[in-house]
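In what follows, a structure is listed as structure tokens, so that the remarks can point back to it.
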Amino acid sequence: MAIWLDSKSKILVQGMTGSEGTKHTRRMVASGASVVAGVTPGKEGQDVDGIPIYNDVAAAMAHTGANVSVVFVPPRFAKAAVQEAVDSGIPLAVVITEGIPVHDTAQFFQYAQNSGATRIIGPNCPGIISPGQSNAGIIPADITQPGRIGLVSKSGTLTYQMMYELRDIGFSTCVGIGGDPIIGTTHIDCLAAFQEDPDTDAIVMIGEIGGDAEERAAAFIAENVSKPVVGYVAGFTAPEGKTMGHAGAIVSGSAGTRLGQSRGARGSRRQSWSHSERSGSPDARGHGWLTCASCAATSSTCLKFGPPSLSESSASRLFCTGFRRRRCPSPRWSEARCSPPPWGRRSPLGSLYRC
């Protein structure tokens with residue numbers, strides 16, 4: 001047994017006659033997947049390697065019994081393609097396309113939610129594979145074997161890497177959920193499915209800095225998952241507000257940073273004190289500001305590895321991101337003790353003091 005995709009799945013490919021659609025259709029077929037139809041408006045009657053092409057999803061489903069759609073449609077047509085699949089009542093739509101506008105994704109995701117009939121994986125994802133059973137997307141099928149590990153990952157490349165590294169153990173299902181700001185299936189959705197799957201004994205979750213999906217997943221695991229889970233977050237640090245690689249990888253405050261996500265995974269809490277609770281000297285709790293050892297810039301919030309009961313000697317880490325466009329002359333992680341700011345004035349951004 002696997003989640004969402006198994007040997008009984010019948011796949012249709014929207015955009016099969018395009019170069020990417022044709023290439024990956026052949027790869028899916030070579031891996032043993034049952035690809036039964038293609039959909040390209042205006043090309044009904046044609047075929048790709050004997051697989052018939054239809055004008056619309058409804059006709060393809062009616063003639064072939066397809067229950068999974070893989071979307072290789074260009075970004076500007078992707079919303080219409082997904083909504084057509086939803087209108088046809090297909091249970092699973094895997095949206096491979098990269099570069100779909102966020103508002104389009106928001107619309108077709110809500111459209112699918114309202115229908116209650118279609119699960120969307122992606123967009124901007126490598127798809128889903130149940131090794132030895134079926135493969136819907138662009139994931140290589142020859143780098144692993146069937147097994148009892150469930151894998152969920154934001155990153156396509158890291159999906160392949162983990163599949164290869166654990167090839168001797170094998171996987172029940174591997175899901176690449178995609179890295180866009182809005183995606184149809186989340187870490188939590190996959191974790192819940194793997195928890196209920198009797199053929200999955202352990203779970204690997206791969207995330208990346210940016211966004212708070214991994215932190216929310218960690219909280220879900222603590223409360224709802226009894227199977228062993230190994231989590232890996234790619235990347236070390238990034239400046240606040242910066243988009244890295246995937247469109248969804250945006251750091252906001254401590255959420256999405258490696259530090260914040262590792263704290264979430266450990267079940268720790270971030271302690272913040274409002275401006276009214278701070279003065280020119282440490283407050284009654286012994287908390288003040290953190291100072292960057294490189295340029296003496298100070299943070300307006302005190303970050304600690306735990307609740308206020310920790311002693312004043314507990315060290316924290318601050319990475320100076322600079323003031324406005326000015327950058328720390330020697331940016332690095334630095335050990336700093338919790339102390340009041342020696343000088344400086346409040347930044348208009350409310351997050352840093354000027355050296």
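Each chain in the structure tokens gets a letter, A, B, ..., in the order shown, and its residues are numbered from 1; ligands are numbered from 1 in order too.
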Give the strand (DSSP E or B) residues of region 105-163 of chain A, as DSSP finds them on the backbone, and put them as a compact mmCIF listing (two decimals) with N, CA and C atoms, in the first residue's frame.
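Saved result, states-v9.txt, follows:
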```
# COMPACT_ATOMS: atom_id res chain seq x y z
N ARG A 119 -7.37 16.44 -4.92
CA ARG A 119 -6.16 16.83 -4.19
C ARG A 119 -5.15 17.34 -5.20
N ILE A 120 -4.54 18.48 -4.88
CA ILE A 120 -3.50 19.05 -5.73
C ILE A 120 -2.15 18.86 -5.07
N ILE A 121 -1.18 18.37 -5.83
CA ILE A 121 0.21 18.34 -5.40
C ILE A 121 0.96 19.33 -6.28
N GLY A 127 6.59 15.96 -8.33
CA GLY A 127 5.54 14.95 -8.42
C GLY A 127 5.56 13.96 -7.28
N ILE A 128 5.06 12.78 -7.54
CA ILE A 128 4.90 11.73 -6.53
C ILE A 128 5.25 10.39 -7.15
N ILE A 129 5.93 9.55 -6.38
CA ILE A 129 6.29 8.22 -6.86
C ILE A 129 6.11 7.21 -5.74
N SER A 130 5.53 6.09 -6.07
CA SER A 130 5.49 4.92 -5.19
C SER A 130 6.34 3.86 -5.87
N SER A 134 3.98 3.02 -9.22
CA SER A 134 3.62 4.04 -10.20
C SER A 134 4.46 5.29 -9.98
N ASN A 135 4.44 6.16 -10.99
CA ASN A 135 5.25 7.37 -10.96
C ASN A 135 4.52 8.46 -11.71
N ALA A 136 4.14 9.54 -11.00
CA ALA A 136 3.41 10.64 -11.63
C ALA A 136 4.22 11.92 -11.48
N GLY A 137 4.97 12.27 -12.52
CA GLY A 137 5.79 13.46 -12.45
C GLY A 137 7.14 13.25 -13.10
N PRO A 146 11.38 -0.21 -3.71
CA PRO A 146 10.26 -0.21 -2.76
C PRO A 146 10.75 -0.50 -1.34
N GLY A 147 10.13 0.13 -0.38
CA GLY A 147 10.49 -0.08 1.02
C GLY A 147 9.40 0.45 1.93
N ARG A 148 9.78 0.80 3.16
CA ARG A 148 8.78 1.17 4.15
C ARG A 148 9.05 2.55 4.77
N ILE A 149 9.72 3.42 4.02
CA ILE A 149 9.93 4.79 4.47
C ILE A 149 9.07 5.72 3.63
N GLY A 150 8.42 6.67 4.28
CA GLY A 150 7.69 7.71 3.58
C GLY A 150 8.53 8.98 3.51
N LEU A 151 8.54 9.64 2.36
CA LEU A 151 9.36 10.84 2.17
C LEU A 151 8.50 11.99 1.69
N VAL A 152 8.62 13.14 2.35
CA VAL A 152 7.97 14.37 1.90
C VAL A 152 9.02 15.47 1.86
N SER A 153 9.05 16.21 0.75
CA SER A 153 10.13 17.18 0.55
C SER A 153 9.66 18.38 -0.23
```
Name all residues at most 9 Å from Leu92 (chain A) (count only C-alpha atoms; drop same-chain ones fewer than 6 positions away) and give them as a ChimeraX atom specification. /A:4-5,67-70,85-86,117-121
Find, counting only C-alpha atoms, the residue in A:Ile100, A:Met1, A:Ala59, A:Val73 that gets nearest to Ser88 (chain A). A:Ala59
Just asking: which residues within region 163-198 of chain A are alpha helix (DSSP H) according to DSSP, as a PDB file with N, CA, C and O atoms, in the first residue's frame?
```pdb
ATOM      1  N   MET A 163      16.320   9.775  -1.807  1.00  0.00           N
ATOM      2  CA  MET A 163      15.924   8.487  -2.367  1.00  0.00           C
ATOM      3  C   MET A 163      17.145   7.632  -2.700  1.00  0.00           C
ATOM      4  O   MET A 163      17.165   6.430  -2.440  1.00  0.00           O
ATOM      5  N   TYR A 164      18.163   8.286  -3.242  1.00  0.00           N
ATOM      6  CA  TYR A 164      19.377   7.543  -3.612  1.00  0.00           C
ATOM      7  C   TYR A 164      20.151   7.100  -2.371  1.00  0.00           C
ATOM      8  O   TYR A 164      20.630   5.955  -2.309  1.00  0.00           O
ATOM      9  N   GLU A 165      20.275   7.989  -1.392  1.00  0.00           N
ATOM     10  CA  GLU A 165      21.056   7.660  -0.195  1.00  0.00           C
ATOM     11  C   GLU A 165      20.431   6.506   0.586  1.00  0.00           C
ATOM     12  O   GLU A 165      21.142   5.714   1.213  1.00  0.00           O
ATOM     13  N   HIS A 187       3.451  19.632   4.085  1.00  0.00           N
ATOM     14  CA  HIS A 187       4.133  18.642   4.914  1.00  0.00           C
ATOM     15  C   HIS A 187       3.134  17.936   5.831  1.00  0.00           C
ATOM     16  O   HIS A 187       3.173  16.708   5.984  1.00  0.00           O
ATOM     17  N   ILE A 188       2.255  18.710   6.438  1.00  0.00           N
ATOM     18  CA  ILE A 188       1.309  18.144   7.410  1.00  0.00           C
ATOM     19  C   ILE A 188       0.371  17.150   6.745  1.00  0.00           C
ATOM     20  O   ILE A 188       0.064  16.090   7.304  1.00  0.00           O
ATOM     21  N   ASP A 189      -0.101  17.460   5.539  1.00  0.00           N
ATOM     22  CA  ASP A 189      -0.977  16.524   4.815  1.00  0.00           C
ATOM     23  C   ASP A 189      -0.266  15.190   4.604  1.00  0.00           C
ATOM     24  O   ASP A 189      -0.858  14.117   4.797  1.00  0.00           O
ATOM     25  N   CYS A 190       0.994  15.259   4.198  1.00  0.00           N
ATOM     26  CA  CYS A 190       1.755  14.026   3.947  1.00  0.00           C
ATOM     27  C   CYS A 190       2.048  13.279   5.241  1.00  0.00           C
ATOM     28  O   CYS A 190       1.953  12.043   5.288  1.00  0.00           O
ATOM     29  N   LEU A 191       2.405  14.002   6.282  1.00  0.00           N
ATOM     30  CA  LEU A 191       2.672  13.362   7.571  1.00  0.00           C
ATOM     31  C   LEU A 191       1.454  12.611   8.076  1.00  0.00           C
ATOM     32  O   LEU A 191       1.549  11.479   8.570  1.00  0.00           O
ATOM     33  N   ALA A 192       0.281  13.231   7.953  1.00  0.00           N
ATOM     34  CA  ALA A 192      -0.951  12.580   8.394  1.00  0.00           C
ATOM     35  C   ALA A 192      -1.230  11.324   7.574  1.00  0.00           C
ATOM     36  O   ALA A 192      -1.649  10.293   8.117  1.00  0.00           O
ATOM     37  N   ALA A 193      -0.987  11.403   6.265  1.00  0.00           N
ATOM     38  CA  ALA A 193      -1.225  10.239   5.405  1.00  0.00           C
ATOM     39  C   ALA A 193      -0.248   9.108   5.716  1.00  0.00           C
ATOM     40  O   ALA A 193      -0.630   7.931   5.768  1.00  0.00           O
ATOM     41  N   PHE A 194       1.020   9.442   5.918  1.00  0.00           N
ATOM     42  CA  PHE A 194       2.009   8.417   6.257  1.00  0.00           C
ATOM     43  C   PHE A 194       1.722   7.791   7.626  1.00  0.00           C
ATOM     44  O   PHE A 194       1.955   6.600   7.829  1.00  0.00           O
ATOM     45  N   GLN A 195       1.232   8.602   8.551  1.00  0.00           N
ATOM     46  CA  GLN A 195       0.889   8.073   9.865  1.00  0.00           C
ATOM     47  C   GLN A 195      -0.203   7.009   9.765  1.00  0.00           C
ATOM     48  O   GLN A 195      -0.191   6.010  10.497  1.00  0.00           O
ATOM     49  N   GLU A 196      -1.130   7.173   8.823  1.00  0.00           N
ATOM     50  CA  GLU A 196      -2.237   6.233   8.667  1.00  0.00           C
ATOM     51  C   GLU A 196      -1.904   5.066   7.743  1.00  0.00           C
ATOM     52  O   GLU A 196      -2.659   4.100   7.674  1.00  0.00           O
TER      53      GLU A 196
END
```
For CA of Val71 (chain A) and CA of Pro123 (chain A), determine how far apart the two atoms are, in Å to one decimal place.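 Computing the Euclidean distance for CA of Val71 (chain A) and CA of Pro123 (chain A) yields 9.0 Å.
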